[in-house]
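Notes follow the structure.
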Amino acid sequence: MGRLALVAAVALVLAAPALAADPTTKPLPASSLQAPSPRLTKADVTRIFLQDRKVASWLNHYPEKGRTTDANYAKGSWKVSVWWGAAGEIATGRVDDMSGAVTEAWTGPQVAWKMARGYSGAFGGNEINNAGIWLAFCAVFLLGLADLRRPLNLRNLDLLALLSFSVFTSVPLVYPPLVYLLVRMVWSARRGRLATGAAPVWPVWLLVAATIFLAGFRVGLNVSSSNVIDVGYSGVVGAERIAQGQSPYGHFPVEDSLKACGSKDADGEIRDRIQTNGRCESANPQGDTYGPVAYEAYLPGYLAFGWSGKWDTLPAAHASSIAFDLLCLLGLALVGLRFGGTRLAATLAFAWVAYPFTQYVSSSNTNDALPPLFLIWGFWLVTWPAARGAAVALSGWTKFAPLLLAPLWASYPERRLRSTLVFAGAFLAATLAVFSILLLEPHPLAAAHEFWRRTMSWQIRRDSPFSIWDWRQYHAGLPDLHILQRVLEGLLIAGAVAAYFLPRRKSPLQLAALTAALLLGFELVLTHWFYLYLPWFFPFAAFAVLAPAPEPATVTRREEVPLAARTRPAS
C-alpha cells in the first residue's frame, strides 16, 4: 500500500501542469472568493448602537425628530453614524458583526476630534502615559519640593494644585486649580511674597544629582518612547519651507485633490500627496497657525537632520524638543543662581525636570516649551530692558499668549520713560527680525495678510471642545458661555494694562507672580485649551512658590542683589 500511495502522489504531481493547462478546467466561482455576507442587518446594527448607554445618554440632548442614521459594513465590522440638524454628526462608532457588541462609541466632541477620544499613547507615546511612570514623576516632584516639616503648609497645597491636573481628565474640571493658582499669584504680587514655608529639606547636592538623573531619563524617554504630534511636525515643515526660501504661511502640505502618493491609514484616508513643489509630503493643512518663531526655532534641527517629507519619526522634531527642554532647565538654574544662590538654582532646575507636564510636552515633541524658554532667559537678564523686550517678542511670536506681558515687563522694576523706550525698541527690533521671513515672498504685504488670516484670525474664530466656552456648537441645550468669556477677556486685557502701573515698584518675585497670573488668565479664557499649555506659566509660578521671601525693599536698584542675600524665614 505504501508503494501504491507513493506512485499515486508522483503521478498527481506530474499531471498537475497538464491539469492547469487543460482549457476544460473551470475556475472557482467568484462568490467563493468574496467575503462572507454580514450576519446582522443595517436595522439590527443601528438599534444596537442607539441602545448603547453612552450613545443613548448623549442623544437625549436631541429631539428624535430630524435624526438620521446610517451604517456601513466592511471586514466584519459595522460603522454607524448619527446626524441631527445643525449639530451635524453627533455620534459614531463600530459594532462587531459576529458578536453584536459595540466596540467603539464616540459622541459629542469625540466625533470630530480624535484627540478627544483618549487613545492610548496618542500624546507622548506609551511610556509617559504609563501610570507608574507618571505617578513616579508626581511623587518625586512633591517629595523633593514639599515642606515636609509642616505638612499643612500652603507650599504643599500649591504643589498639589500644580499636580492636580493629573487627576482631571475632563477639561471643565481643570478650572478650579487654574483659578486657585491665579488667586495665589495675584496674592503674591500684592503682598510681595508667599508664606510658603522653609526651603526643601534635601541638601543641594542631592537635588543636583536628582536633576541630572531626571534630565538624562527625560532625554531617554524622548528618544526611545515618544511620538511627534501635529504641532511638532508643523515646526519641521515650517523650517524646511524657510530653508527653501519660502514663508511657511500658505505653503503647508495639503490633501485637497492632489495626487496620492501613499497608502491609506486606518480610517481609509491618504495623507501623502504630491504637493505643488513636486514632492510627496504628508498633509498638515493647519500647521501654519503659529508665530514665525515656532518655525525658525526648528531650523537648527532641520539643518542637522533634514526631513523626508513624511510624518515619520521626524528626528529633527525630537532633537528640537530635547534642546528646548534642556535650555529651559539651564535657564531656570541661572535664574535661581542669580536670585537665590545655589539652593534656589538647584530647586528650580529640579522643579522643571520633575514636573510631569514638562515631560509631557517633551514626549509629545511640541513647541510648548518655547514660550517659557524665551521668558526664562529674559527673566535671567531682567535688569536689561532690551533683553526683556526681545524676550517678550520672541516668546509672543511663538504662540501669542506672552504678548500680554509686554506692559508688565516694560515697567520693571518701575515705570521709567527711558527703560520703557528701550524695551519697546528691542521688542520692535526682535519683531522685525522674526518677521523678515515674509520678505522671502514676492509680495511681502500679501504674505503679511496671509500670516494674519492663517494665524490670529483663525485662532480667534476656531471651534474647539477643549474648554467650557464653545459648548454652543453642539446644539445640545448646554449653556452658551460666550458672553461670559468676552467679559473675562476684557478683564484680562485690563489686568495686563494695569500691570504696567501696579505695583509701582516691582520685585523679581512680583514680576514672576504677575507673569504667571497673566498667563493663567489667558489659559482660563482660551477656547482651545490643553494640558500641554501648563508649562507656559509653570516656571514663574514655581519661582513665586519656591523662592525665599524677600525683605521689604529699602535699597535702590534692589533687584541687583541676590534674593537669598536679603531674605528672612517665612512665617
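Residues in the C-alpha cells are named by chain (A, B, ... in the order shown) and by number from 1 within that chain; ligands are numbered from 1 in the order shown.
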As a count of residues only, please: every residue in segment 352-464 of chain A that DSSP puts in alpha helix (DSSP H). 78
For the interface of segment 244-308 of chain A with segment 375-399 of chain A (cut-off 6 Å, counting only C-alpha atoms), please tabulate each contacting residue of segment 244-308 of chain A alongside its nearest pair of atoms and their separation in Å to one decimal, rows sorted by chain and increasing number, as JSON lines.
```
{"residue": "A:Tyr290", "atom": "CA", "partner": "A:Lys399", "partner_atom": "CA", "distance": 5.8}
{"residue": "A:Gly291", "atom": "CA", "partner": "A:Thr398", "partner_atom": "CA", "distance": 4.4}
{"residue": "A:Val293", "atom": "CA", "partner": "A:Thr398", "partner_atom": "CA", "distance": 5.0}
{"residue": "A:Ala294", "atom": "CA", "partner": "A:Thr398", "partner_atom": "CA", "distance": 4.9}
```
Contacts of segment 327-340 of chain A at 9 Å (only C-alpha atoms; same-chain gap of 2+ positions) as a PyMOL selection string: chain A and resi 215+322-325+342-350+352-353+369-370+372-374+376-377+379-381+508+539+543+547-548+559-565
Looking at only C-alpha atoms, which of A:Gly521, A:Gly245, A:Pro63, A:Gly309 is the one that sits closest to Gln275 of chain A? A:Gly309
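Remark: for Ser436 of chain A, the closest of the candidate residues A:Ile242, A:Val167, A:Val140, A:Val545 is A:Ile242 (distances computed over only C-alpha atoms).
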